[in-house]
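Below is one structure, written out as structure tokens, with a few remarks after it.
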Amino acid sequence: MIWIIGGTKDSRDILEKLLEKTESDIIVSTATDYGGKLLENYKEREKRVESISERLDESQMRELIKQKNISLVIDASHPYAVNVSRSVLKVTDEMDIGYMRFERKMLDYGDRDVIRFSTLEDMKRYVMNFENKNIFSTLGSNNLGEIKEIGKKNNLFVRILPTSSSIQKAEELGYLPGKIIAIQGPVSKILNEAMLKSYNIDFLITKESGDTGGEREKIEACKECKVTVLVLKRPQINYGNVYNDIDALIEKICQ
């Protein structure tokens with residue numbers, strides 16, 4: 001059996017191609033119920049597809065590999081889900097199980113107005129030098145608590161998933177409804193532009209998510225609207241067996 005660590009569009013694209021090219025049984029894990037719901041169509045269509053919707057610790061990973069007789073793990077988790085990747089790297093190494101990492105290609109920002117930061121703390125310190133600026137965060141709900149301080153001196157708007165858990169988290173942290181934009185991404189350039197203009201945004205906060213995560217559309221919209229982009233750099237991990245192209249990954253598996 002093949003285990004895909006999912007929760008991204010990449011993981012669903014990999015699943016789709018594996019179903020076309022192989023006869024393997026496949027299990028896909030996601031950290032949230034929402035991620036699991038996106039797999040329902042595959043499960044209904046293909047009996048050989050299973051899914052798990054919960055965060056797995058290392059002991060649960062080991063048990064899953066033993067229980068399901070997993071021979072290969074494809075890590076298609078989000079580029080910033082470093083704890084998951086570190087854990088599965090450790091477990092697959094200990095158990096001598098095949099590991100392949102799908103990593104989205106980085107964008108070339110070219111001449112766009114972009115400032116990159118190694119840590120979120122560095123970015124916060126930079127932003128706190130300003131007052132009364134309109135700042136638009138597209139980091140999602142996981143970092144709501146960490147960036148809330150930015151809103152003390154500036155107008156902070158946050159874009160998050162339109163799920164009850166994300167919205168509840170934002171409200172519990174004190175974000176007012178007028179500062180919450182709940183929408184499913186990736187978002188088109190045109191819609192990004194509309195949001196930037198509507199809220200008169202000065203700075204947009206994002207991650208080096210790559211094309212699949214809608215980063216290109218955000219960056220291009222910011223260039224059009226003359227908005228400065230603040231980018232949180234992608235964490236660096238030694239994955240070892242890395243692929244940036246899904247077709248190349250699938251071809252390797254089929255060999």
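In the structure tokens, each chain is lettered A, B, ... as it comes, each chain's residues begin at 1, and ligands are numbered from 1 in order of appearance.
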
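Using only C-alpha atoms, the protein and nucleic acid residues lying no more than 10 Å from Ser51 (chain A), apart from those fewer than 5 places from it along its own chain, are Trp3, Ile4, Ile5, Gly6, Ile26, Ile27, Val28, Ser29, Thr30, Gly35, Gly36, Lys37, Leu39, Glu40, Tyr42 and Lys43 of chain A.
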
Can I get the selected residues back with C-alpha atoms, as a compact mmCIF listing (two decimals), in the first residue's frame?
```
# COMPACT_ATOMS: atom_id res chain seq x y z
CA TRP A 3 0.52 6.30 1.90
CA ILE A 4 0.10 9.87 0.66
CA ILE A 5 0.49 12.56 3.30
CA GLY A 6 -1.99 15.04 1.93
CA ILE A 26 -3.71 3.99 -1.45
CA ILE A 27 -4.32 5.67 1.87
CA VAL A 28 -4.35 9.47 2.15
CA SER A 29 -3.98 11.26 5.46
CA THR A 30 -4.99 14.86 6.15
CA GLY A 35 -9.12 17.91 3.97
CA GLY A 36 -10.83 14.55 4.37
CA LYS A 37 -14.06 15.80 2.82
CA LEU A 39 -11.30 13.08 -0.77
CA GLU A 40 -14.87 11.75 -0.61
CA TYR A 42 -12.18 9.48 -4.74
CA LYS A 43 -13.33 7.07 -2.03
```

Near-Gln60 (chain A) list (12 Å; only C-alpha atoms; drop same-chain fewer than 6 positions) as a PyMOL selection string
chain A and resi 29+52+54+66-68+87-88+91

Considering only C-alpha atoms, return as a list in words whatever protein or nucleic-acid residues lie within 12 Å of Glu171 (chain A), sequence-local ones (same chain, fewer than 2 positions apart) excluded.
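The filter keeps Ser141, Leu144, Gly145, Lys148, Val158, Ile160, Ser164, Ser165, Ser166, Ile167, Gln168, Lys169, Leu173, Gly174, Tyr175, Leu176, Pro177, Gly178, Lys179 and Ile180 of chain A.
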
Extract, using only C-alpha atoms, all DNA, RNA and protein residues at most 9 Å from Val231 (chain A), discarding same-chain residues fewer than 4 positions from it, and format them as an MDAnalysis selection string.
chainID A and resid 114:118 123 204:208

Region 1-243 of chain A: residues DSSP assigns to alpha helix (DSSP H), reported as a PyMOL selection string:
chain A and resi 9-21+33-37+40-45+58-67+82-95+120-127+144-147+164-172+189-198+215-225

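Across the structure, CA of Lys47 (chain A) and CA of Glu251 (chain A) are spaced 23.1 Å apart.
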
Give one line per residue of region 71-114 of chain A that approaches region 213-229 of chain A to at most 8 Å, naming the two atoms of the closest pair and their distance in Å to one decimal, counting only C-alpha atoms; sort by chain then ascending residue number and deliver it as a Markdown table.
```
| residue | atom | partner | partner_atom | distance |
| --- | --- | --- | --- | --- |
| A:Leu107 | CA | A:Arg216 | CA | 7.2 |
| A:Tyr109 | CA | A:Ile219 | CA | 7.9 |
| A:Arg112 | CA | A:Lys223 | CA | 6.1 |
| A:Asp113 | CA | A:Thr228 | CA | 5.4 |
| A:Val114 | CA | A:Val229 | CA | 4.7 |
```

May I have the selected residues written with N, CA and C atoms, as a PDB file, in the first residue's frame?
```pdb
ATOM      1  N   LEU A 107       8.667  30.355  -6.614  1.00  0.00           N
ATOM      2  CA  LEU A 107       8.421  31.394  -7.613  1.00  0.00           C
ATOM      3  C   LEU A 107       9.641  32.301  -7.777  1.00  0.00           C
ATOM      4  N   TYR A 109      10.379  35.970  -8.111  1.00  0.00           N
ATOM      5  CA  TYR A 109       9.652  37.216  -7.892  1.00  0.00           C
ATOM      6  C   TYR A 109      10.037  38.320  -8.878  1.00  0.00           C
ATOM      7  N   ARG A 112       9.302  42.411  -8.836  1.00  0.00           N
ATOM      8  CA  ARG A 112       8.161  42.767  -7.989  1.00  0.00           C
ATOM      9  C   ARG A 112       8.642  43.307  -6.643  1.00  0.00           C
ATOM     10  N   ASP A 113       7.791  44.109  -6.007  1.00  0.00           N
ATOM     11  CA  ASP A 113       8.142  44.749  -4.729  1.00  0.00           C
ATOM     12  C   ASP A 113       7.915  43.753  -3.598  1.00  0.00           C
ATOM     13  N   VAL A 114       8.949  42.949  -3.312  1.00  0.00           N
ATOM     14  CA  VAL A 114       8.841  41.855  -2.350  1.00  0.00           C
ATOM     15  C   VAL A 114       9.956  41.953  -1.321  1.00  0.00           C
TER      16      VAL A 114
END
```

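If you look at CA of Leu139 (chain A) and CA of Leu232 (chain A), they are 9.0 Å away from each other.
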
Can you pull out every residue within 10 Å of Tyr99 (chain A), counting only C-alpha atoms, but drop anything in the same chain fewer than 3 positions away, and send it as a list in words?
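Near neighbours after the sequence-gap exclusion: Trp3, Ser71, Leu72, Val73, Ile74, Asp75, Val88, Leu89, Val91, Thr92, Asp93, Asp96, Tyr239, Gly240, Asn241 and Val242 of chain A.
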
For Phe130 (chain A), which residue among A:Ile237, A:Ile190, A:Ile150, A:Ile246 is the nearest when counting only C-alpha atoms?
A:Ile150

Report as an mmCIF file with N, CA and C atoms, in the first residue's frame all protein, DNA and RNA residues lying within 8 Å of Ala31 (chain A), evaluated on only C-alpha atoms, omitting residues in the same chain fewer than 6 positions from it.
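Contents of selection.cif, as written:
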```cif
data_model
loop_
_atom_site.group_PDB
_atom_site.id
_atom_site.type_symbol
_atom_site.label_atom_id
_atom_site.label_comp_id
_atom_site.auth_asym_id
_atom_site.auth_seq_id
_atom_site.Cartn_x
_atom_site.Cartn_y
_atom_site.Cartn_z
ATOM 1 N N GLY A 7 -3.534 16.861 2.173
ATOM 2 C CA GLY A 7 -4.010 18.141 2.679
ATOM 3 C C GLY A 7 -3.742 19.280 1.722
ATOM 4 N N SER A 53 -8.400 11.406 8.681
ATOM 5 C CA SER A 53 -8.461 12.853 8.895
ATOM 6 C C SER A 53 -8.119 13.177 10.344
ATOM 7 N N GLU A 54 -6.837 13.137 10.657
ATOM 8 C CA GLU A 54 -6.366 13.511 11.990
ATOM 9 C C GLU A 54 -4.849 13.696 11.951
ATOM 10 N N ARG A 55 -4.335 14.443 12.910
ATOM 11 C CA ARG A 55 -2.889 14.633 13.018
ATOM 12 C C ARG A 55 -2.295 13.386 13.676
ATOM 13 N N LEU A 56 -1.307 12.805 13.019
ATOM 14 C CA LEU A 56 -0.692 11.591 13.520
ATOM 15 C C LEU A 56 0.654 11.896 14.169
#
```

Those in region 35-195 of chain A with strand (DSSP E or B) from DSSP, as a ChimeraX atom specification:
/A:49-53,72-75,98-102,114-117,134-137,155-160,180-182

Output N, CA and C atoms for every residue in that selection, as an mmCIF file, in the first residue's frame.
```
data_model
loop_
_atom_site.group_PDB
_atom_site.id
_atom_site.type_symbol
_atom_site.label_atom_id
_atom_site.label_comp_id
_atom_site.auth_asym_id
_atom_site.auth_seq_id
_atom_site.Cartn_x
_atom_site.Cartn_y
_atom_site.Cartn_z
ATOM 1 N N VAL A 49 -9.120 3.275 -2.311
ATOM 2 C CA VAL A 49 -8.681 4.510 -1.653
ATOM 3 C C VAL A 49 -9.275 4.590 -0.255
ATOM 4 N N GLU A 50 -8.414 4.817 0.734
ATOM 5 C CA GLU A 50 -8.841 5.062 2.117
ATOM 6 C C GLU A 50 -8.348 6.439 2.539
ATOM 7 N N SER A 51 -8.935 6.973 3.607
ATOM 8 C CA SER A 51 -8.464 8.267 4.110
ATOM 9 C C SER A 51 -8.510 8.306 5.630
ATOM 10 N N ILE A 52 -7.624 9.119 6.174
ATOM 11 C CA ILE A 52 -7.568 9.390 7.614
ATOM 12 C C ILE A 52 -7.559 10.897 7.781
ATOM 13 N N SER A 53 -8.400 11.406 8.681
ATOM 14 C CA SER A 53 -8.461 12.853 8.895
ATOM 15 C C SER A 53 -8.119 13.177 10.344
ATOM 16 N N LEU A 72 5.543 2.432 0.721
ATOM 17 C CA LEU A 72 6.022 3.716 0.215
ATOM 18 C C LEU A 72 5.210 4.854 0.804
ATOM 19 N N VAL A 73 5.914 5.902 1.244
ATOM 20 C CA VAL A 73 5.254 7.113 1.739
ATOM 21 C C VAL A 73 5.572 8.257 0.783
ATOM 22 N N ILE A 74 4.526 8.926 0.300
ATOM 23 C CA ILE A 74 4.689 10.122 -0.530
ATOM 24 C C ILE A 74 4.287 11.320 0.319
ATOM 25 N N ASP A 75 5.248 12.143 0.644
ATOM 26 C CA ASP A 75 5.014 13.317 1.487
ATOM 27 C C ASP A 75 4.653 14.512 0.593
ATOM 28 N N GLY A 98 10.220 3.170 1.999
ATOM 29 C CA GLY A 98 10.472 4.130 0.936
ATOM 30 C C GLY A 98 9.823 5.478 1.218
ATOM 31 N N TYR A 99 10.537 6.556 0.912
ATOM 32 C CA TYR A 99 10.034 7.918 1.146
ATOM 33 C C TYR A 99 10.310 8.774 -0.084
ATOM 34 N N MET A 100 9.281 9.493 -0.537
ATOM 35 C CA MET A 100 9.416 10.436 -1.644
ATOM 36 C C MET A 100 8.732 11.737 -1.246
ATOM 37 N N ARG A 101 9.397 12.830 -1.505
ATOM 38 C CA ARG A 101 8.855 14.145 -1.161
ATOM 39 C C ARG A 101 8.468 14.896 -2.431
ATOM 40 N N PHE A 102 7.217 15.369 -2.484
ATOM 41 C CA PHE A 102 6.852 16.282 -3.559
ATOM 42 C C PHE A 102 6.923 17.698 -3.007
ATOM 43 N N VAL A 114 8.949 42.949 -3.312
ATOM 44 C CA VAL A 114 8.841 41.855 -2.350
ATOM 45 C C VAL A 114 9.956 41.953 -1.321
ATOM 46 N N ILE A 115 9.589 41.789 -0.043
ATOM 47 C CA ILE A 115 10.565 41.728 1.047
ATOM 48 C C ILE A 115 10.408 40.367 1.713
ATOM 49 N N ARG A 116 11.505 39.620 1.811
ATOM 50 C CA ARG A 116 11.454 38.264 2.342
ATOM 51 C C ARG A 116 12.023 38.220 3.761
ATOM 52 N N PHE A 117 11.395 37.386 4.612
ATOM 53 C CA PHE A 117 11.795 37.268 6.014
ATOM 54 C C PHE A 117 12.004 35.798 6.368
ATOM 55 N N ASN A 134 -2.805 49.490 6.187
ATOM 56 C CA ASN A 134 -3.757 48.407 5.947
ATOM 57 C C ASN A 134 -2.981 47.171 5.509
ATOM 58 N N ILE A 135 -3.049 46.136 6.328
ATOM 59 C CA ILE A 135 -2.237 44.938 6.116
ATOM 60 C C ILE A 135 -3.155 43.733 5.916
ATOM 61 N N PHE A 136 -2.853 42.964 4.904
ATOM 62 C CA PHE A 136 -3.696 41.832 4.510
ATOM 63 C C PHE A 136 -2.895 40.545 4.653
ATOM 64 N N SER A 137 -3.272 39.701 5.614
ATOM 65 C CA SER A 137 -2.574 38.444 5.824
ATOM 66 C C SER A 137 -3.268 37.309 5.080
ATOM 67 N N ASN A 155 -4.217 48.377 10.693
ATOM 68 C CA ASN A 155 -5.472 47.692 10.379
ATOM 69 C C ASN A 155 -5.138 46.346 9.751
ATOM 70 N N LEU A 156 -5.362 45.279 10.499
ATOM 71 C CA LEU A 156 -4.989 43.938 10.046
ATOM 72 C C LEU A 156 -6.218 43.170 9.573
ATOM 73 N N PHE A 157 -6.206 42.786 8.306
ATOM 74 C CA PHE A 157 -7.255 41.952 7.720
ATOM 75 C C PHE A 157 -6.677 40.555 7.510
ATOM 76 N N VAL A 158 -7.474 39.522 7.780
ATOM 77 C CA VAL A 158 -6.977 38.154 7.655
ATOM 78 C C VAL A 158 -7.868 37.342 6.720
ATOM 79 N N ARG A 159 -7.223 36.639 5.798
ATOM 80 C CA ARG A 159 -7.967 35.756 4.894
ATOM 81 C C ARG A 159 -7.777 34.324 5.366
ATOM 82 N N ILE A 160 -8.874 33.647 5.638
ATOM 83 C CA ILE A 160 -8.848 32.291 6.179
ATOM 84 C C ILE A 160 -9.871 31.432 5.449
ATOM 85 N N ILE A 180 -12.235 39.904 8.947
ATOM 86 C CA ILE A 180 -12.114 38.504 8.553
ATOM 87 C C ILE A 180 -12.666 38.308 7.146
ATOM 88 N N ILE A 181 -11.830 37.800 6.239
ATOM 89 C CA ILE A 181 -12.270 37.455 4.891
ATOM 90 C C ILE A 181 -12.178 35.939 4.771
ATOM 91 N N ALA A 182 -13.316 35.269 4.750
ATOM 92 C CA ALA A 182 -13.348 33.808 4.714
ATOM 93 C C ALA A 182 -13.643 33.339 3.291
#
```

If you measure from CA of Gln236 (chain A) to CA of Leu120 (chain A), what distance in Å do you get, rounded to one decimal?
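Rounded to one decimal, the two atoms are 14.8 Å apart.
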
I'd like to know which of A:Ala81, A:Ile2, A:Ile70, A:Met195 is closest to Ser209 (chain A), using only C-alpha atoms.
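Of A:Ala81, A:Ile2, A:Ile70, A:Met195, the one nearest Ser209 (chain A) is A:Ala81, counting only C-alpha atoms.
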